[in-house]
$ cat upload_32.txt   # compact mmCIF, C-alpha atoms
# COMPACT_ATOMS: atom_id res chain seq x y z
CA MET D 17 92.29 88.90 73.85
CA LYS D 18 93.74 85.77 75.44
CA SER D 19 93.62 85.21 79.18
CA THR D 20 96.78 84.66 81.17
CA PHE D 21 95.55 81.15 81.87
CA GLY D 22 93.96 80.50 78.50
CA ASP D 23 96.94 79.41 76.45
CA GLU D 24 98.75 76.31 77.64
CA ASN D 25 101.83 76.91 75.53
CA ASN D 26 102.12 80.63 76.02
CA GLY D 27 100.59 81.36 79.40
CA ILE D 28 102.13 81.64 82.82
CA TYR D 29 102.00 77.88 83.44
CA GLY D 30 105.38 76.56 84.53
CA ARG D 31 107.02 79.98 84.84
CA VAL D 32 109.29 79.93 87.86
CA SER D 33 109.05 82.80 90.33
CA HIS D 34 111.45 83.11 93.25
CA TYR D 35 109.41 85.78 94.98
CA VAL D 36 108.56 84.98 98.62
CA PRO D 37 106.14 87.40 100.30
CA ALA D 38 106.67 88.81 103.77
CA TYR D 39 103.83 86.77 105.25
CA ALA D 40 105.69 83.54 104.47
CA PHE D 41 107.72 84.03 107.65
CA ARG D 42 106.96 84.58 111.31
CA ASP D 43 108.25 87.85 112.69
CA GLY D 44 110.27 86.48 115.59
CA GLU D 45 108.99 83.74 117.83
CA GLN D 46 105.65 82.42 116.76
CA VAL D 47 102.81 83.64 118.91
CA HIS D 48 99.79 81.81 117.60
CA ILE D 49 98.66 78.76 115.64
CA THR D 50 95.92 78.58 113.07
CA GLU D 51 92.50 77.40 114.25
CA THR D 52 91.32 73.79 114.01
CA TYR D 53 90.15 73.77 110.41
CA VAL D 54 91.39 76.33 107.89
CA THR D 55 92.26 76.18 104.20
CA SER D 56 94.41 78.42 102.03
CA PRO D 57 92.90 79.98 99.95
CA PRO D 58 91.03 81.90 101.32
CA ALA D 59 93.47 82.14 104.25
CA ALA D 60 96.76 83.73 103.23
CA HIS D 61 98.87 81.45 105.41
CA ILE D 62 98.61 78.54 107.81
CA ASP D 63 100.65 78.29 111.01
CA ASP D 64 100.93 74.78 112.43
CA LEU D 65 101.68 73.42 115.89
CA TYR D 66 105.40 73.20 115.20
CA GLY D 67 105.93 76.82 114.25
CA ASN D 68 105.87 76.29 110.47
CA THR D 69 104.17 78.78 108.19
CA TRP D 70 102.66 77.31 105.03
CA ILE D 71 101.72 79.33 101.94
CA LEU D 72 101.11 78.90 98.22
CA GLY D 73 104.00 80.45 96.29
CA TYR D 74 104.16 82.30 92.99
CA THR D 75 105.26 79.58 90.55
CA CYS D 76 102.22 78.39 88.61
CA GLY D 77 102.26 74.66 87.89
CA ILE D 78 101.97 73.37 84.35
CA LYS D 79 98.46 72.81 83.17
CA GLY D 80 98.65 69.01 82.91
CA ARG D 81 99.80 68.73 86.52
CA SER D 82 97.03 70.84 88.03
CA PRO D 83 93.96 69.43 89.73
CA LYS D 84 91.25 69.46 87.08
CA GLY D 85 89.42 72.75 86.76
CA GLN D 86 91.81 74.44 89.13
CA PHE D 87 95.26 75.98 89.21
CA CYS D 88 98.23 74.98 91.32
CA TYR D 89 101.18 76.78 92.81
CA ASN D 90 104.33 75.71 94.64
CA VAL D 91 103.95 74.94 98.33
CA LEU D 92 106.33 76.85 100.62
CA ARG D 93 107.14 75.95 104.24
CA ASP D 94 108.72 78.89 106.07
CA GLY D 95 109.53 80.35 102.66
CA LYS D 96 111.34 77.24 101.44
CA GLU D 97 110.27 74.95 98.62
CA THR D 98 108.69 71.64 99.56
CA GLY D 99 108.85 70.32 95.99
CA GLU D 100 105.07 70.05 95.78
CA MET D 101 102.51 71.84 93.63
CA ALA D 102 99.01 72.19 95.03
CA SER D 103 95.82 74.20 94.75
CA ILE D 104 94.82 74.04 98.43
CA ILE D 105 96.67 73.83 101.74
CA GLU D 106 94.55 72.61 104.60
CA ILE D 107 95.06 72.22 108.32
CA ASN D 108 92.60 69.96 110.09
CA ALA D 109 93.09 69.14 113.76
CA GLY D 110 96.79 69.93 113.44
CA GLN D 111 97.32 67.83 110.30
CA VAL D 112 98.60 69.73 107.25
CA SER D 113 97.41 68.39 103.88
CA ILE D 114 97.61 69.64 100.31
CA TYR D 115 95.43 69.00 97.26
CA THR D 116 97.48 67.99 94.23
CA ASP D 117 96.91 66.50 90.79
CA VAL D 118 97.01 63.02 92.35
CA GLY D 119 94.67 63.85 95.20
CA TRP D 120 95.27 64.71 98.85
CA LYS D 121 98.74 64.43 100.34
CA ARG D 122 99.56 64.62 104.04
CA TRP D 123 102.60 66.14 105.75
CA ASN D 124 104.37 63.53 107.88
CA GLY D 125 106.92 65.88 109.40
CA HIS D 126 109.48 65.43 106.64
CA SER D 127 107.61 65.28 103.34
CA PHE D 128 104.18 64.96 101.83
CA ILE D 129 102.89 61.43 101.38
CA HIS D 130 99.92 60.30 99.35
CA ALA D 131 97.41 59.36 102.02
CA PRO D 132 93.81 60.00 102.89
CA ARG D 133 93.02 62.92 105.12
CA ILE D 134 92.14 62.53 108.76
CA PHE D 135 88.61 63.68 109.38
CA MET D 136 87.57 64.86 112.79
CA PHE D 137 84.05 63.83 113.68
CA THR D 138 82.14 65.43 116.50
CA LYS D 139 79.25 63.71 118.24
CA ARG D 140 75.94 65.54 118.08
CA SER D 141 74.24 65.95 121.41
CA MET O 69 104.96 84.82 77.23
CA TYR O 70 102.86 86.59 79.82
CA ARG O 71 104.67 88.73 82.35
CA THR O 72 103.35 89.06 85.85
CA TYR O 73 103.96 91.88 88.31
CA LEU O 74 103.12 92.55 91.93
CA VAL O 75 102.11 95.83 93.54
CA VAL O 76 102.84 95.32 97.20
CA MET O 77 102.97 97.10 100.56
CA GLU O 78 104.84 95.46 103.41
CA ASN O 79 104.47 96.13 107.15
CA VAL O 80 102.84 99.51 106.86
CA THR O 81 100.39 101.36 109.07
CA VAL O 82 97.11 101.83 107.25
CA THR O 83 94.73 104.76 107.52
CA ASN O 84 91.68 104.54 109.75
CA SER O 85 88.90 105.11 107.22
CA THR O 86 86.39 103.18 105.13
CA ASP O 87 86.65 101.96 101.54
CA LEU O 88 90.38 102.63 101.30
CA ALA O 89 92.44 101.03 98.56
CA TRP O 90 95.37 99.10 99.96
CA CYS O 91 96.63 98.34 96.44
CA PHE O 92 95.44 100.05 93.28
CA VAL O 93 96.41 99.69 89.61
CA ASN O 94 95.03 101.70 86.72
CA PRO O 95 95.78 100.30 83.24
CA GLY O 96 97.29 102.59 80.64
CA ILE O 97 96.00 103.23 77.17
CA THR O 98 97.78 100.37 75.41
CA LEU O 99 97.81 97.32 77.69
CA SER O 100 94.94 95.55 79.40
CA LEU O 101 95.69 93.95 82.75
CA GLU O 102 94.49 90.65 84.16
CA PHE O 103 94.44 90.39 87.96
CA ILE O 104 95.32 86.93 89.18
CA ARG O 105 96.07 87.21 92.92
CA ALA O 106 95.49 89.45 95.91
CA TYR O 107 96.39 89.05 99.54
CA ALA O 108 96.37 90.86 102.85
CA SER O 109 97.81 89.89 106.20
CA GLN O 110 99.03 91.43 109.44
CA ARG O 111 101.62 90.61 112.05
CA ALA O 112 100.86 93.20 114.70
CA ASN O 113 99.24 90.89 117.21
CA ALA O 114 97.91 87.40 117.86
CA THR O 115 94.30 88.24 118.63
CA SER O 116 91.40 87.12 116.48
CA ALA O 117 89.74 90.05 114.76
CA GLN O 118 87.32 90.18 111.89
CA CYS O 119 88.51 92.25 108.93
CA SER O 120 87.03 93.06 105.55
CA ALA O 121 88.49 92.91 102.08
CA ALA O 122 87.01 93.62 98.69
CA LEU O 123 88.28 93.66 95.13
CA GLY O 124 86.78 95.86 92.52
CA PHE O 125 86.89 98.65 89.99
CA GLN O 126 86.84 102.37 90.71
CA VAL O 127 86.25 105.24 88.33
CA THR O 128 87.55 108.77 88.76
CA ALA O 129 88.05 110.42 91.20
CA PHE O 130 90.71 107.91 92.19
CA PRO O 131 92.26 107.38 95.65
CA THR O 132 95.29 109.23 97.00
CA LEU O 133 98.08 106.68 97.25
CA THR O 134 101.69 106.04 98.16
CA SER O 135 103.54 105.64 94.86
CA THR O 136 104.54 101.99 94.35
CA THR O 137 106.29 100.59 91.29
CA PRO O 138 105.21 97.05 90.30
CA ARG O 139 107.78 94.34 90.99
CA SER O 140 108.62 91.82 88.30
CA MET O 141 107.72 88.31 89.43
CA HIS O 142 110.10 86.48 87.11
CA LEU O 143 113.82 86.87 86.60
CA SER O 144 114.83 88.57 83.35
CA ASP O 145 111.42 90.09 82.73
CA PRO O 146 111.50 93.78 81.80
CA ALA O 147 109.99 96.48 83.97
CA SER O 148 106.24 96.82 83.90
CA ALA O 149 104.54 99.33 81.63
CA ILE O 150 102.78 100.52 84.79
CA THR O 151 104.72 103.06 86.85
CA GLY O 152 104.34 104.28 90.41
CA GLY O 153 101.95 107.15 91.01
CA THR O 154 100.10 108.87 93.82
CA ALA O 155 96.90 109.91 92.05
CA GLY O 156 95.67 106.59 90.65
CA ALA O 157 95.92 107.97 87.12
CA ALA O 158 95.99 105.79 83.99
CA GLY O 159 99.16 103.74 83.73
CA THR O 160 100.10 104.07 87.41
CA SER O 161 99.94 102.02 90.59
CA GLY O 162 100.05 102.76 94.30
CA THR O 163 99.37 101.37 97.75
CA ASN O 164 98.09 102.34 101.20
CA ALA O 165 95.57 105.02 100.26
CA SER O 166 95.19 107.97 102.60
CA ALA O 167 91.96 109.15 100.95
CA ALA O 168 89.37 106.99 99.22
CA GLY O 169 88.57 109.29 96.31
CA GLY O 170 85.03 110.08 95.30
CA GLY O 171 84.79 107.71 92.34
CA ALA O 172 82.17 104.97 92.41
CA LYS O 173 83.45 101.52 93.31
CA THR O 174 82.11 98.25 91.97
CA TYR O 175 83.15 95.46 94.28
CA ARG O 176 83.35 91.94 92.86
CA PRO O 177 84.46 89.60 95.64
CA ASN O 178 83.55 91.29 98.93
CA ASP O 179 84.75 89.13 101.78
CA ASN O 180 85.66 89.03 105.45
CA PHE O 181 88.53 87.26 107.13
CA ASN O 182 90.24 86.62 110.44
CA ALA O 183 93.28 88.84 110.90
CA LEU O 184 95.20 85.80 112.18
CA ASN O 185 94.72 83.89 108.93
CA GLY O 186 95.05 86.69 106.41
CA PHE O 187 93.17 86.89 103.13
CA LEU O 188 94.15 85.31 99.82
CA TRP O 189 92.21 85.63 96.57
CA LEU O 190 93.40 83.15 93.96
CA PRO O 191 90.86 83.01 91.14
CA GLY O 192 90.44 79.97 88.95
CA PRO O 193 91.22 80.24 85.25
CA LYS O 194 87.81 81.67 84.44
CA GLU O 195 87.40 83.80 87.55
CA THR O 196 90.08 86.41 86.97
CA CYS O 197 89.29 90.13 86.67
CA ILE O 198 90.43 92.03 83.57
CA ALA O 199 90.83 95.80 83.43
CA ASN O 200 90.71 96.85 79.81
CA ALA O 201 93.09 99.46 78.41
CA SER O 202 91.59 102.93 78.28
CA ALA O 203 88.67 101.79 80.42
CA SER O 204 89.01 104.90 82.59
CA SER O 205 88.80 102.77 85.70
CA GLY O 206 91.32 101.10 87.96
CA PHE O 207 91.29 97.89 89.94
CA GLY O 208 92.09 97.67 93.62
CA LEU O 209 92.15 95.69 96.82
CA TYR O 210 90.08 97.59 99.37
CA ALA O 211 89.50 97.51 103.09
CA VAL O 212 85.79 98.21 103.25
CA VAL O 213 86.06 98.84 106.98
CA ALA O 214 89.32 99.80 108.67
CA PRO O 215 90.80 96.98 110.77
CA ALA O 216 90.85 97.33 114.56
CA THR O 217 94.64 97.20 114.57
CA LEU O 218 96.12 99.51 111.97
CA THR O 219 99.81 98.59 112.19
CA ASN O 220 101.99 96.04 110.40
CA TRP O 221 99.79 95.23 107.41
CA CYS O 222 100.99 93.58 104.21
CA ALA O 223 98.97 93.49 101.02
CA GLY O 224 99.64 92.70 97.38
CA LEU O 225 97.92 92.68 94.01
CA GLU O 226 99.39 90.58 91.19
CA PHE O 227 98.55 91.17 87.55
CA SER O 228 99.71 90.14 84.13
CA GLU O 229 100.01 92.38 81.11
CA LEU O 230 97.85 91.32 78.19
CA GLY O 231 98.39 92.30 74.61
$ encode --input "upload_32.txt" --output "structure tokens"
Amino acid sequence: MKSTFGDENNGIYGRVSHYVPAYAFRDGEQVHITETYVTSPPAAHIDDLYGNTWILGYTCGIKGRSPKGQFCYNVLRDGKETGEMASIIEINAGQVSIYTDVGWKRWNGHSFIHAPRIFMFTKRS
Amino acid sequence: MYRTYLVVMENVTVTNSTDLAWCFVNPGITLSLEFIRAYASQRANATSAQCSAALGFQVTAFPTLTSTTPRSMHLSDPASAITGGTAGAAGTSGTNASAAGGGAKTYRPNDNFNALNGFLWLPGPKETCIANASASSGFGLYAVVAPATLTNWCAGLEFSELG
């Protein structure tokens, strides 16, 4: 028996799904933002300072474009395509980043750019 | 080509009890199912609250469910071989259990999450769960402990049909 992910030419890689789940959208005016450092998965969604909701969609990226040893899905912002495929969405001190086949990309307010992440260091007392 | 389907509940009020299946799928006698995604989230309030989620297999007796037909995840795919059902029987699927059922459960991932962030299980290629045809057990997403706020919950369980 072959796994869904086991066959590059006959698996679900690259199959386009237009399904957008209910949690991709805020129900009315946004009432909270995600905490300082959260990643999806395991969080279902990430809500940033500007009222955007970020989720991983249901289109599985082709195998050669996935981060090694992982899977990748389309990145949706308020239910709309961003044109990126990633395995992780992260928010760190308000900065949204995604992990793609070419490494970390950072959201600059308009698109994702290939740039190192911003790390937040805290001084030990 | 593998076909994927989603058993989903959207903005429902869940039952206040332990070990309840929020989504449950029992393979039929011909097709094995591979589970590749599960999620749960709520939109009732904006207060941090710890919730529990577990994925696992359950043997008979199965939970009592709201009948839910799997949705096709790709345009032009045919309907799933799994049909909606309320008893968790072979070849059926359902959501939002009102009774847990007495069958033993074997939880695989057993996790906790903040209600504000929701819960998403996206296994890697070698971490998926497969329910074999005629295995006499179903696979579900469970709330091990009922959440503090019972209203406006969404949950989904995505699977593909194997040969």
$ atom_distance --input "upload_32.txt" --atom1 "atom CA of Glu97 of chain D" --atom2 "atom CA of Phe41 of chain D"
13.1 Å
$ atom_distance --input "upload_32.txt" --atom1 "atom CA of Gly159 of chain O" --atom2 "atom CA of Pro95 of chain O"
4.8 Å
$ closest_atom_pairs --input "upload_32.txt" --of "chain O" --to "chain D" --cutoff "7 Å" --atoms "only C-alpha atoms" --output "tab-separated table"
residue	atom	partner	partner_atom	distance
O:Met69	CA	D:Asn26	CA	5.2
O:Tyr70	CA	D:Gly27	CA	5.7
O:Glu78	CA	D:Ala38	CA	6.9
O:Tyr107	CA	D:Ala60	CA	6.5
O:Ser109	CA	D:Tyr39	CA	6.8
O:Ala114	CA	D:His48	CA	5.9
O:Met141	CA	D:Ser33	CA	5.7
O:His142	CA	D:Ser33	CA	5.0
O:Asn185	CA	D:Ala59	CA	5.2
O:Gly186	CA	D:Ala60	CA	4.7
O:Phe187	CA	D:Ala60	CA	4.8
O:Leu188	CA	D:Ala60	CA	4.6
O:Trp189	CA	D:Pro58	CA	6.2
O:Leu190	CA	D:Pro57	CA	6.8
O:Gly192	CA	D:Gln86	CA	5.7
O:Pro193	CA	D:Phe21	CA	5.6
O:Ser228	CA	D:Thr20	CA	6.9
$ closest_residue --input "upload_32.txt" --among "O:Ala216, O:Ala149, O:Ile198, O:Ala211" --to "Ile97 of chain O" --atoms "all atoms listed in the file"
O:Ala149
$ residues_around --input "upload_32.txt" --residues "Thr86 of chain O" --least-positions-apart "3" --cutoff "8 Å" --atoms "only C-alpha atoms" --output "compact mmCIF listing (two decimals) with C-alpha atoms, keeping the file's coordinate frame"
# COMPACT_ATOMS: atom_id res chain seq x y z
CA ALA O 168 89.37 106.99 99.22
CA ALA O 211 89.50 97.51 103.09
CA VAL O 212 85.79 98.21 103.25
CA VAL O 213 86.06 98.84 106.98
CA ALA O 214 89.32 99.80 108.67
$ atom_distance --input "upload_32.txt" --atom1 "atom CA of Gly208 of chain O" --atom2 "atom CA of Cys222 of chain O"
14.4 Å
$ closest_residue --input "upload_32.txt" --among "D:Lys79, D:His130, D:Ala40, D:Gly125" --to "Val91 of chain D" --atoms "only C-alpha atoms"
D:Ala40
